[in-house]
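Student: Sharing a structure, written as structure tokens. Questions coming.
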Amino acid sequence: MKAAVLTKINAPLEIQNVVTNALDFGQVFVKILCTGICGAQLQEINGQKGNPAHLPHLLGHEGCGEVMGMGPGVRSVKEGDKVVLHWRKSNGIDAKPATYSHHCTKINAGPVTTFSEYAVVSENRVTPIPRDVPDDLAALFGCALSTALATVENVAKVRFGERVLVVGCGGVGLAMILAAKLAHAHPVIGYDISKKGNLVRALGGEFIQPADHHERDLAFDVIINTIGRSAGTDWLAPSGRYIFIGQPRPEEMISIRHLFDGEGQTIQATQGGGFNPTLDIPRYVKLWRSGALSNYRNLISHAIKLDEINFWIQQMREGKTARVMIYP
Ligand SMILES: [Zn+2]
């Protein structure tokens, strides 16, 4: 089966034909129907995450798939189930990572990887969903959308009419705009160095770039930072909440001078908004059934084949995309 393999830091992924080990305790064999490219994979390719000693390894952490087989002990899914593949842990066995090989070279994988035609993943990284949930929406429930919904609901606890700024308008940032609009925040403003105005406005948000921020009076109750670099801290209202969702680079410093404004400001970091796949994915499916997520396709700018992944990773780096979805 075909897979996009990270063999070298800062180099294009190699499309290789790989084979997988026999299913071990708690492992699930999944056919990947659709998967999104997340900023986290760009960081892995750049060498900002993980250990280069683990190369070569597989990538990808949000997807939609169909269960083709189960290892011993697996109970939460069965053959033929449609599933979300997610990086956050759900109920189920925390299985050891699968290994793959290519011409007898060992390829490592984490508990979940998705940039391949098929994947062996841990039971606690898949959650079954009804058949009629669209593949692309299901994949977005693996990271971008679930992270955004959970951050807005559980961490930022956005209230009606609050002013929200989203720093960075990639896939996760755009999903934050969708989620903040769902919470009836106002205004909801996206901020990015790249021209993302059309994407943000399609979701009902407003858009500013560094060059035009001085033209308006900026004070936000909530700032959600998806870029891992501190930005816009001066625009936090007294008593506002500043939330980091993207992992900062090691050298990143945050000034805490403003923290005593008003009744005291809050700076918080969150891992995926505390999203709990077992509890939250069924709830998000119902949210979709209610019609509230009917505009989710505005989060997706391109649908591609696995072979085209390197070109689109470069486009993402240049800020030219929203979420890019791969149909292996
Ligand atoms: Zn992600």
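Ligands are numbered from 1 in the order shown, chains are lettered A, B, ... in the order of the structure tokens, and residues start at 1 in each chain.
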Write out as a ChimeraX atom specification the set of residues from segment 133-318 of chain A that DSSP, computed on the backbone, places in strand (DSSP E).
Tutor: /A:164-167,188-191,206-208,220-225,236-244,266-269,300-304
Student: Could you pull the residues within 7 Å of Gly65 of chain A, counting only C-alpha atoms, minus those fewer than 2 positions along the same chain, as a list in words?
Tutor: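 So the residues in contact are Val30, Lys31, Ile32, Leu33, Cys34, Gly63, Val67, Lys82, Val83 and Val84 of chain A.
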Student: Dump N, CA and C atoms for the selected residues as a tab-separated table (two decimals), in the first residue's frame?
Tutor:
chain	number	residue	atom	x	y	z
A	30	VAL	N	-7.32	0.00	9.28
A	30	VAL	CA	-8.32	0.93	8.74
A	30	VAL	C	-7.96	1.30	7.31
A	31	LYS	N	-8.97	1.32	6.45
A	31	LYS	CA	-8.80	1.89	5.10
A	31	LYS	C	-9.05	3.39	5.23
A	32	ILE	N	-8.08	4.20	4.80
A	32	ILE	CA	-8.24	5.66	4.93
A	32	ILE	C	-9.08	6.17	3.76
A	33	LEU	N	-10.22	6.78	4.10
A	33	LEU	CA	-11.11	7.34	3.07
A	33	LEU	C	-10.75	8.80	2.79
A	34	CYS	N	-10.34	9.51	3.82
A	34	CYS	CA	-10.08	10.94	3.69
A	34	CYS	C	-9.25	11.38	4.89
A	63	GLY	N	-8.52	11.88	10.36
A	63	GLY	CA	-8.96	11.14	9.19
A	63	GLY	C	-10.32	10.50	9.38
A	67	VAL	N	-13.13	0.39	9.05
A	67	VAL	CA	-12.42	-0.68	9.75
A	67	VAL	C	-12.40	-1.94	8.87
A	82	LYS	N	-17.61	2.74	10.04
A	82	LYS	CA	-17.00	4.01	9.62
A	82	LYS	C	-16.47	4.67	10.88
A	83	VAL	N	-15.25	5.18	10.82
A	83	VAL	CA	-14.64	5.74	12.03
A	83	VAL	C	-13.97	7.08	11.76
A	84	VAL	N	-13.90	7.89	12.82
A	84	VAL	CA	-13.03	9.06	12.85
A	84	VAL	C	-11.68	8.59	13.41
Student: If you measure from atom CA of Val126 of chain A to atom CA of Leu203 of chain A, what distance in Å do you get, rounded to one decimal?
Tutor: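 Atom CA of Val126 of chain A sits 28.5 Å away from atom CA of Leu203 of chain A.
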Student: Could you produce a table of the residues of chain A lying within 10 Å of ligand 1, with the nearest pair of atoms per residue and their separation in Å rounded to one decimal, using only C-alpha atoms and all ligand atoms, ordered by chain and increasing residue number, as a Markdown table?
Tutor:
| residue | atom | partner | partner_atom_place_in_ligand_line | distance |
| --- | --- | --- | --- | --- |
| A:Gly36 | CA | ligand 1 | 1 (Zn) | 8.3 |
| A:Ile37 | CA | ligand 1 | 1 (Zn) | 7.6 |
| A:Cys38 | CA | ligand 1 | 1 (Zn) | 4.5 |
| A:Gly39 | CA | ligand 1 | 1 (Zn) | 6.3 |
| A:Ala40 | CA | ligand 1 | 1 (Zn) | 5.5 |
| A:Gln41 | CA | ligand 1 | 1 (Zn) | 7.6 |
| A:Gly60 | CA | ligand 1 | 1 (Zn) | 8.1 |
| A:His61 | CA | ligand 1 | 1 (Zn) | 6.2 |
| A:Glu62 | CA | ligand 1 | 1 (Zn) | 6.6 |
| A:His86 | CA | ligand 1 | 1 (Zn) | 8.7 |
| A:Trp87 | CA | ligand 1 | 1 (Zn) | 7.7 |
| A:Arg88 | CA | ligand 1 | 1 (Zn) | 9.8 |
| A:Leu140 | CA | ligand 1 | 1 (Zn) | 9.0 |
| A:Gly142 | CA | ligand 1 | 1 (Zn) | 7.7 |
| A:Cys143 | CA | ligand 1 | 1 (Zn) | 4.7 |
| A:Ala144 | CA | ligand 1 | 1 (Zn) | 5.8 |
| A:Leu145 | CA | ligand 1 | 1 (Zn) | 9.4 |
| A:Ser146 | CA | ligand 1 | 1 (Zn) | 9.6 |
| A:Thr147 | CA | ligand 1 | 1 (Zn) | 8.0 |
| A:Gly171 | CA | ligand 1 | 1 (Zn) | 8.6 |
| A:Val172 | CA | ligand 1 | 1 (Zn) | 7.4 |
| A:Gly246 | CA | ligand 1 | 1 (Zn) | 9.3 |
| A:Gly272 | CA | ligand 1 | 1 (Zn) | 8.3 |
Student: Just the number, please: distance in Å from atom CA of Val18 of chain A to atom CA of Pro111 of chain A, one decimal.
Tutor: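 Spanning atom CA of Val18 of chain A to atom CA of Pro111 of chain A is a straight-line distance of 17.2 Å.
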Student: Hey, which of A:Val5, A:Leu199, A:Val222, A:Val112 ends up closest to Ala185 of chain A? Count only C-alpha atoms.
Tutor: A:Val222
Student: Need to verify the contact set: Ile245 of chain A, 8 Å, only C-alpha atoms, exclusion of same-chain residues closer than 4 positions in sequence. Can you return it as a list in words?
Tutor: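 Selected residues are Ile224, Asn225, Thr226, Ile227, Gly228, Ala269, Thr270, Gln271, Gly272 and Gly273 of chain A.
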Student: Please write the residues from the selection above to a file, keeping C-alpha atoms, as a PDB file, in the first residue's frame.
Tutor:
ATOM      1  CA  ILE A 224      -7.209  32.358  20.355  1.00  0.00           C
ATOM      2  CA  ASN A 225      -3.685  31.868  19.053  1.00  0.00           C
ATOM      3  CA  THR A 226      -3.159  29.039  16.558  1.00  0.00           C
ATOM      4  CA  ILE A 227       0.343  29.957  15.348  1.00  0.00           C
ATOM      5  CA  GLY A 228       2.635  29.151  18.279  1.00  0.00           C
ATOM      6  CA  ALA A 269      -2.506  26.776  26.846  1.00  0.00           C
ATOM      7  CA  THR A 270      -4.676  23.871  25.798  1.00  0.00           C
ATOM      8  CA  GLN A 271      -4.146  20.500  24.155  1.00  0.00           C
ATOM      9  CA  GLY A 272      -6.879  20.323  21.554  1.00  0.00           C
ATOM     10  CA  GLY A 273      -9.344  22.170  23.781  1.00  0.00           C
TER      11      GLY A 273
END
Student: For Gly319 of chain A, which residue out of A:Ile281, A:Cys169, A:Cys64, A:Ile254 is the nearest one, using only C-alpha atoms?
Tutor: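 Closest residue, counting only C-alpha atoms: A:Cys169.
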Student: Would you mind telling me which residue in A:Ala95, A:Asn21, A:Met176, A:Arg241 lies nearest to Val152 of chain A when using only C-alpha atoms?
Tutor: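 Under the stated criterion, the closest residue is A:Met176.
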Student: Which is closer to Asp234 of chain A than all the others in A:Met325, A:Ile300, A:Ile15, A:Leu165, using only C-alpha atoms?
Tutor: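 Result for the nearest residue to Asp234 of chain A: A:Leu165.
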Student: With DSSP run on the backbone, what are the alpha helix (DSSP H) residues within segment 16-91 of chain A? I'd like them as a ChimeraX atom specification.
Tutor: /A:39-46
